[in-house]
>>> print(open('protein.cif').read())   # mmCIF, C-alpha atoms
data_model
loop_
_atom_site.label_atom_id
_atom_site.label_comp_id
_atom_site.auth_asym_id
_atom_site.auth_seq_id
_atom_site.Cartn_x
_atom_site.Cartn_y
_atom_site.Cartn_z
CA GLU P 1 -24.21 -48.44 -5.23
CA THR P 2 -20.59 -47.70 -4.39
CA GLY P 3 -18.81 -46.74 -1.20
CA VAL P 4 -20.48 -48.43 1.75
CA THR P 5 -23.38 -50.81 1.18
CA GLN P 6 -25.70 -52.43 3.70
CA THR P 7 -28.15 -55.31 3.45
CA PRO P 8 -30.95 -55.71 4.06
CA ARG P 9 -32.31 -52.19 3.87
CA HIS P 10 -35.38 -53.10 5.88
CA LEU P 11 -35.88 -55.88 8.40
CA VAL P 12 -38.81 -56.88 10.54
CA MET P 13 -38.14 -59.53 13.14
CA GLY P 14 -39.77 -61.04 16.16
CA MET P 15 -38.14 -61.02 19.54
CA THR P 16 -37.19 -64.67 19.31
CA ASN P 17 -35.64 -64.48 15.83
CA LYS P 18 -31.99 -64.49 14.88
CA LYS P 19 -30.89 -62.32 11.99
CA SER P 20 -27.73 -60.66 10.71
CA LEU P 21 -27.03 -57.27 9.19
CA LYS P 22 -24.29 -57.01 6.59
CA CYS P 23 -22.04 -54.12 5.67
CA GLU P 24 -19.48 -53.96 2.90
CA GLN P 25 -17.11 -51.13 2.11
CA HIS P 26 -15.48 -50.71 -1.28
CA LEU P 27 -13.18 -47.86 -0.27
CA GLY P 28 -10.10 -49.71 0.96
CA HIS P 29 -10.60 -48.35 4.48
CA ASN P 30 -9.16 -50.06 7.54
CA ALA P 31 -11.71 -49.06 10.18
CA MET P 32 -15.40 -49.93 10.34
CA TYR P 33 -18.19 -48.96 12.73
CA TRP P 34 -21.73 -49.82 13.74
CA TYR P 35 -24.04 -47.02 14.89
CA LYS P 36 -27.62 -47.01 16.13
CA GLN P 37 -29.84 -44.08 15.13
CA SER P 38 -33.11 -43.73 17.02
CA ALA P 39 -35.65 -40.96 16.74
CA LYS P 40 -34.78 -37.87 18.77
CA LYS P 41 -31.50 -39.38 19.96
CA PRO P 42 -27.96 -38.78 18.79
CA LEU P 43 -26.16 -41.32 16.68
CA GLU P 44 -24.87 -43.91 19.16
CA LEU P 45 -21.59 -45.64 18.47
CA MET P 46 -21.92 -49.38 19.11
CA PHE P 47 -18.75 -51.01 17.85
CA VAL P 48 -15.45 -50.00 16.27
CA TYR P 49 -13.14 -52.28 14.34
CA SER P 50 -9.65 -51.22 13.33
CA LEU P 51 -7.63 -53.56 11.14
CA GLU P 52 -10.27 -56.22 11.79
CA GLU P 53 -9.81 -56.02 15.55
CA ARG P 54 -12.59 -54.81 17.78
CA VAL P 55 -11.33 -51.73 19.61
CA GLU P 56 -14.49 -50.52 21.26
CA ASN P 57 -17.70 -51.92 22.60
CA ASN P 58 -19.76 -49.12 24.06
CA SER P 59 -21.66 -51.12 26.67
CA VAL P 60 -23.82 -52.71 24.02
CA PRO P 61 -26.09 -55.55 25.19
CA SER P 62 -24.87 -59.02 24.31
CA ARG P 63 -27.90 -59.58 22.09
CA PHE P 64 -25.89 -57.59 19.53
CA SER P 65 -22.82 -59.46 18.34
CA PRO P 66 -20.45 -57.97 15.73
CA GLU P 67 -18.17 -59.84 13.39
CA CYS P 68 -15.46 -58.49 11.11
CA PRO P 69 -14.07 -61.32 8.97
CA ASN P 70 -11.93 -58.97 6.86
CA SER P 71 -11.35 -55.28 6.36
CA SER P 72 -14.15 -54.97 3.81
CA HIS P 73 -16.98 -56.73 5.63
CA LEU P 74 -18.76 -56.15 8.90
CA PHE P 75 -21.70 -58.04 10.33
CA LEU P 76 -24.06 -57.42 13.21
CA HIS P 77 -25.69 -60.58 14.49
CA LEU P 78 -28.98 -60.07 16.27
CA HIS P 79 -30.80 -62.41 18.65
CA THR P 80 -33.62 -62.10 21.18
CA LEU P 81 -34.01 -58.38 20.52
CA GLN P 82 -36.40 -56.08 22.33
CA PRO P 83 -38.88 -53.62 20.79
CA GLU P 84 -36.69 -50.71 21.95
CA ASP P 85 -33.97 -52.03 19.64
CA SER P 86 -36.06 -50.87 16.68
CA ALA P 87 -33.95 -48.22 14.95
CA LEU P 88 -31.85 -47.41 11.91
CA TYR P 89 -28.53 -49.24 12.08
CA LEU P 90 -25.77 -47.49 10.20
CA CYS P 91 -22.43 -48.88 9.20
CA ALA P 92 -19.48 -46.61 8.47
CA SER P 93 -15.86 -46.90 7.44
CA SER P 94 -12.87 -44.59 7.62
CA GLN P 95 -9.22 -44.16 6.81
CA GLU P 96 -6.88 -41.37 7.88
CA GLU P 97 -6.33 -39.02 4.95
CA GLY P 98 -4.34 -35.94 5.82
CA SER P 99 -6.10 -34.18 8.67
CA SER P 100 -9.46 -35.84 8.07
CA TYR P 101 -10.90 -39.01 9.52
CA GLU P 102 -14.08 -38.80 7.49
CA GLN P 103 -16.44 -41.63 8.26
CA TYR P 104 -18.36 -42.78 5.21
CA PHE P 105 -21.79 -44.08 6.10
CA GLY P 106 -23.87 -46.75 4.48
CA PRO P 107 -27.57 -46.24 3.75
CA GLY P 108 -28.58 -48.10 6.91
CA THR P 109 -30.86 -50.98 7.80
CA ARG P 110 -34.24 -49.99 9.19
CA LEU P 111 -34.94 -52.59 11.87
CA THR P 112 -38.35 -53.15 13.42
CA VAL P 113 -38.66 -55.57 16.32
CA THR P 114 -42.19 -56.83 16.90
CA GLY V 1 -16.68 -39.99 28.49
CA GLU V 2 -17.38 -37.25 26.02
CA ASN V 3 -20.70 -35.41 26.03
CA VAL V 4 -21.79 -33.21 23.13
CA GLU V 5 -24.66 -30.74 23.39
CA GLN V 6 -26.11 -29.21 20.22
CA HIS V 7 -28.42 -26.22 19.80
CA PRO V 8 -30.90 -25.41 18.49
CA SER V 9 -32.80 -28.61 17.79
CA THR V 10 -34.75 -26.92 15.00
CA LEU V 11 -33.93 -23.84 12.94
CA SER V 12 -35.91 -22.11 10.23
CA VAL V 13 -34.36 -19.44 8.06
CA GLN V 14 -35.36 -17.54 4.95
CA GLU V 15 -33.51 -18.41 1.78
CA GLY V 16 -30.43 -16.24 1.52
CA ASP V 17 -30.08 -15.73 5.26
CA SER V 18 -27.36 -17.25 7.40
CA ALA V 19 -27.74 -20.19 9.77
CA VAL V 20 -25.64 -20.90 12.84
CA ILE V 21 -25.61 -24.14 14.81
CA LYS V 22 -23.66 -24.41 18.05
CA CYS V 23 -22.18 -27.34 19.92
CA THR V 24 -20.36 -27.72 23.21
CA TYR V 25 -18.25 -30.63 24.33
CA SER V 26 -17.05 -31.79 27.71
CA ASP V 27 -13.74 -33.55 27.16
CA SER V 28 -10.89 -31.07 26.87
CA ALA V 29 -8.82 -33.80 25.21
CA SER V 30 -11.13 -33.82 22.17
CA ASN V 31 -9.23 -32.79 19.09
CA TYR V 32 -11.37 -33.63 16.05
CA PHE V 33 -14.72 -32.01 15.28
CA PRO V 34 -16.67 -33.04 12.18
CA TRP V 35 -20.08 -31.87 11.00
CA TYR V 36 -22.41 -34.22 9.14
CA LYS V 37 -25.47 -33.45 7.05
CA GLN V 38 -28.29 -35.96 6.78
CA GLU V 39 -31.04 -35.36 4.27
CA LEU V 40 -34.37 -37.07 4.80
CA GLY V 41 -34.07 -40.79 4.20
CA LYS V 42 -30.39 -40.57 3.33
CA ARG V 43 -27.13 -41.39 5.02
CA PRO V 44 -25.11 -38.83 7.01
CA GLN V 45 -22.37 -37.17 4.95
CA LEU V 46 -19.42 -35.15 6.15
CA ILE V 47 -19.61 -31.50 5.12
CA ILE V 48 -16.69 -30.03 7.03
CA ASP V 49 -14.34 -30.96 9.85
CA ILE V 50 -11.73 -29.21 11.96
CA ARG V 51 -8.81 -30.24 14.11
CA SER V 52 -8.07 -28.59 17.43
CA ASN V 53 -4.93 -26.91 16.15
CA VAL V 54 -7.08 -24.74 13.86
CA GLY V 55 -9.51 -22.04 14.98
CA GLU V 56 -11.55 -21.69 11.80
CA LYS V 57 -12.06 -23.48 8.52
CA LYS V 58 -14.10 -22.41 5.54
CA ASP V 59 -15.39 -24.21 2.47
CA GLN V 60 -17.44 -22.01 0.15
CA ARG V 61 -20.68 -21.20 2.00
CA ILE V 62 -19.94 -23.22 5.11
CA ALA V 63 -17.50 -22.50 7.89
CA VAL V 64 -16.69 -23.97 11.26
CA THR V 65 -15.20 -22.13 14.21
CA LEU V 66 -13.65 -23.71 17.26
CA ASN V 67 -13.05 -22.19 20.69
CA LYS V 68 -10.97 -24.67 22.65
CA THR V 69 -10.95 -22.59 25.81
CA ALA V 70 -14.74 -22.47 25.97
CA LYS V 71 -15.05 -25.96 24.50
CA HIS V 72 -17.51 -25.02 21.83
CA PHE V 73 -17.63 -25.07 18.07
CA SER V 74 -20.11 -23.72 15.57
CA LEU V 75 -21.27 -24.32 12.02
CA HIS V 76 -22.05 -21.29 9.89
CA ILE V 77 -23.94 -21.53 6.61
CA THR V 78 -24.22 -18.34 4.58
CA GLU V 79 -26.58 -17.56 1.69
CA THR V 80 -28.75 -20.54 2.58
CA GLN V 81 -30.56 -22.39 -0.18
CA PRO V 82 -33.53 -24.80 -0.03
CA GLU V 83 -31.18 -27.72 -0.66
CA ASP V 84 -29.45 -26.91 2.64
CA SER V 85 -32.58 -28.19 4.41
CA ALA V 86 -31.51 -31.28 6.36
CA VAL V 87 -30.51 -32.46 9.81
CA TYR V 88 -27.01 -31.39 10.81
CA PHE V 89 -25.00 -33.29 13.40
CA CYS V 90 -21.89 -32.12 15.18
CA ALA V 91 -19.46 -34.58 16.72
CA ALA V 92 -16.36 -34.60 18.85
CA SER V 93 -13.63 -37.14 19.29
CA SER V 94 -10.80 -37.55 21.70
CA ALA V 95 -10.24 -41.24 21.32
CA TYR V 96 -8.01 -42.52 18.65
CA SER V 97 -8.90 -46.16 18.27
CA GLY V 98 -5.96 -47.12 16.13
CA ALA V 99 -5.22 -47.28 12.41
CA GLY V 100 -7.64 -44.92 10.74
CA SER V 101 -10.41 -44.89 13.30
CA TYR V 102 -11.83 -42.28 15.59
CA GLN V 103 -14.60 -42.72 18.14
CA LEU V 104 -17.14 -39.98 17.56
CA THR V 105 -19.68 -38.69 20.07
CA PHE V 106 -22.52 -36.99 18.22
CA GLY V 107 -24.87 -34.20 19.17
CA LYS V 108 -28.62 -34.76 18.88
CA GLY V 109 -28.88 -32.92 15.61
CA THR V 110 -30.40 -29.70 14.29
CA LYS V 111 -33.20 -29.81 11.76
CA LEU V 112 -32.62 -26.87 9.42
CA SER V 113 -35.44 -25.70 7.21
CA VAL V 114 -34.69 -23.11 4.54
CA ILE V 115 -37.86 -21.35 3.46
CA PRO V 116 -37.90 -20.24 -0.21
#
>>> encode(input="protein.cif", output="structure tokens")
Amino acid sequence: ETGVTQTPRHLVMGMTNKKSLKCEQHLGHNAMYWYKQSAKKPLELMFVYSLEERVENNSVPSRFSPECPNSSHLFLHLHTLQPEDSALYLCASSQEEGSSYEQYFGPGTRLTVT
Amino acid sequence: GENVEQHPSTLSVQEGDSAVIKCTYSDSASNYFPWYKQELGKRPQLIIDIRSNVGEKKDQRIAVTLNKTAKHFSLHITETQPEDSAVYFCAASSAYSGAGSYQLTFGKGTKLSVIP
């Protein structure tokens, strides 16, 4: 799979577990994002990194902790999650090209919190 | 912050007919409006986008129109085909986050079904 990859694709975790989601982009982009996609809700932007610096944290609970060690990798560290955190977590990357800021999405990690 | 409303939430059309999805936004500073298509079980993919200095953009069977005064923009799909069946999301952005990034606020999505 090329473009933006995410692992794992599926994750089931208990509320006391600690896990991490991984995203890797092979596009040479300099911005990366985490989104949450829940049923019947719009895509919710969680975090934005530009040139490896976090530029936005949209009031996300501290049980979600992002990490961007370099421009190609993005992590989302999870701990003491709640059942309502069950959702599809999408990573995306972008780079300005002409008049477009197309965000390329990964396939997502389907997270279930039990 | 930005708020994006999208209508309708579901849309069924006969193959060959046109489909129109409408979105409104609240922040008059928004200047970038992409549309994404998400097929079942797949990732969202950009199908068309428009900047606020342009009123209309067309790419084969899809077109987007933007009315800055009314703060609404629409997606038009002509000659619909079964493979157009998917969820379509509009988005708006007014916040440039630096070096290649935009903060997008998405609508709730429209599930389009094209009936053969």
>>> closest_atom_pairs(input="protein.cif", of="chain V", to="chain P", cutoff="9 Å", atoms="all atoms listed in the file", output="JSON lines")
{"residue": "V:Tyr32", "atom": "CA", "partner": "P:Tyr101", "partner_atom": "CA", "distance": 8.5}
{"residue": "V:Pro34", "atom": "CA", "partner": "P:Glu102", "partner_atom": "CA", "distance": 7.9}
{"residue": "V:Gly41", "atom": "CA", "partner": "P:Pro107", "partner_atom": "CA", "distance": 8.5}
{"residue": "V:Lys42", "atom": "CA", "partner": "P:Pro107", "partner_atom": "CA", "distance": 6.3}
{"residue": "V:Arg43", "atom": "CA", "partner": "P:Pro107", "partner_atom": "CA", "distance": 5.0}
{"residue": "V:Pro44", "atom": "CA", "partner": "P:Phe105", "partner_atom": "CA", "distance": 6.3}
{"residue": "V:Gln45", "atom": "CA", "partner": "P:Tyr104", "partner_atom": "CA", "distance": 6.9}
{"residue": "V:Leu46", "atom": "CA", "partner": "P:Glu102", "partner_atom": "CA", "distance": 6.6}
{"residue": "V:Asp49", "atom": "CA", "partner": "P:Ser100", "partner_atom": "CA", "distance": 7.1}
{"residue": "V:Ile50", "atom": "CA", "partner": "P:Ser100", "partner_atom": "CA", "distance": 8.0}
{"residue": "V:Arg51", "atom": "CA", "partner": "P:Ser99", "partner_atom": "CA", "distance": 7.2}
{"residue": "V:Phe89", "atom": "CA", "partner": "P:Pro42", "partner_atom": "CA", "distance": 8.2}
{"residue": "V:Ser97", "atom": "CA", "partner": "P:Val55", "partner_atom": "CA", "distance": 6.2}
{"residue": "V:Gly98", "atom": "CA", "partner": "P:Ser50", "partner_atom": "CA", "distance": 6.2}
{"residue": "V:Ala99", "atom": "CA", "partner": "P:Ser50", "partner_atom": "CA", "distance": 6.0}
{"residue": "V:Gly100", "atom": "CA", "partner": "P:Gln95", "partner_atom": "CA", "distance": 4.3}
{"residue": "V:Ser101", "atom": "CA", "partner": "P:Ala31", "partner_atom": "CA", "distance": 5.4}
{"residue": "V:Tyr102", "atom": "CA", "partner": "P:Tyr101", "partner_atom": "CA", "distance": 7.0}
{"residue": "V:Gln103", "atom": "CA", "partner": "P:Val48", "partner_atom": "CA", "distance": 7.6}
{"residue": "V:Leu104", "atom": "CA", "partner": "P:Leu45", "partner_atom": "CA", "distance": 7.3}
{"residue": "V:Thr105", "atom": "CA", "partner": "P:Leu45", "partner_atom": "CA", "distance": 7.4}
{"residue": "V:Phe106", "atom": "CA", "partner": "P:Pro42", "partner_atom": "CA", "distance": 5.8}
{"residue": "V:Gly107", "atom": "CA", "partner": "P:Pro42", "partner_atom": "CA", "distance": 5.5}
{"residue": "V:Lys108", "atom": "CA", "partner": "P:Pro42", "partner_atom": "CA", "distance": 4.1}
{"residue": "V:Gly109", "atom": "CA", "partner": "P:Pro42", "partner_atom": "CA", "distance": 6.7}
>>> atom_distance(input="protein.cif", atom1="CA of Ile77 (chain V)", atom2="CA of Asn3 (chain V)")
24.1 Å
>>> atom_distance(input="protein.cif", atom1="CA of Asp84 (chain V)", atom2="CA of Thr112 (chain P)")
29.7 Å
>>> closest_residue(input="protein.cif", among="P:His10, P:Asn17, P:Ser38, P:Gly28", to="Arg63 (chain P)", atoms="all atoms listed in the file")
P:Asn17
>>> closest_residue(input="protein.cif", among="V:His7, V:Lys37, V:Lys68, V:Lys111", to="Lys22 (chain V)", atoms="all atoms listed in the file")
V:His7
>>> closest_residue(input="protein.cif", among="V:Pro116, V:Ser28, V:Thr69, V:Cys23", to="Gly1 (chain V)", atoms="all atoms listed in the file")
V:Ser28
>>> closest_residue(input="protein.cif", among="V:Thr110, V:Leu66, V:Tyr88, V:Pro82", to="Gln14 (chain V)", atoms="only C-alpha atoms")
V:Pro82
>>> atom_distance(input="protein.cif", atom1="CA of Ser74 (chain V)", atom2="CA of Tyr89 (chain P)")
27.1 Å
>>> closest_residue(input="protein.cif", among="P:Leu88, P:Val113, P:Leu81, P:Leu27", to="Arg9 (chain P)", atoms="all atoms listed in the file")
P:Leu88
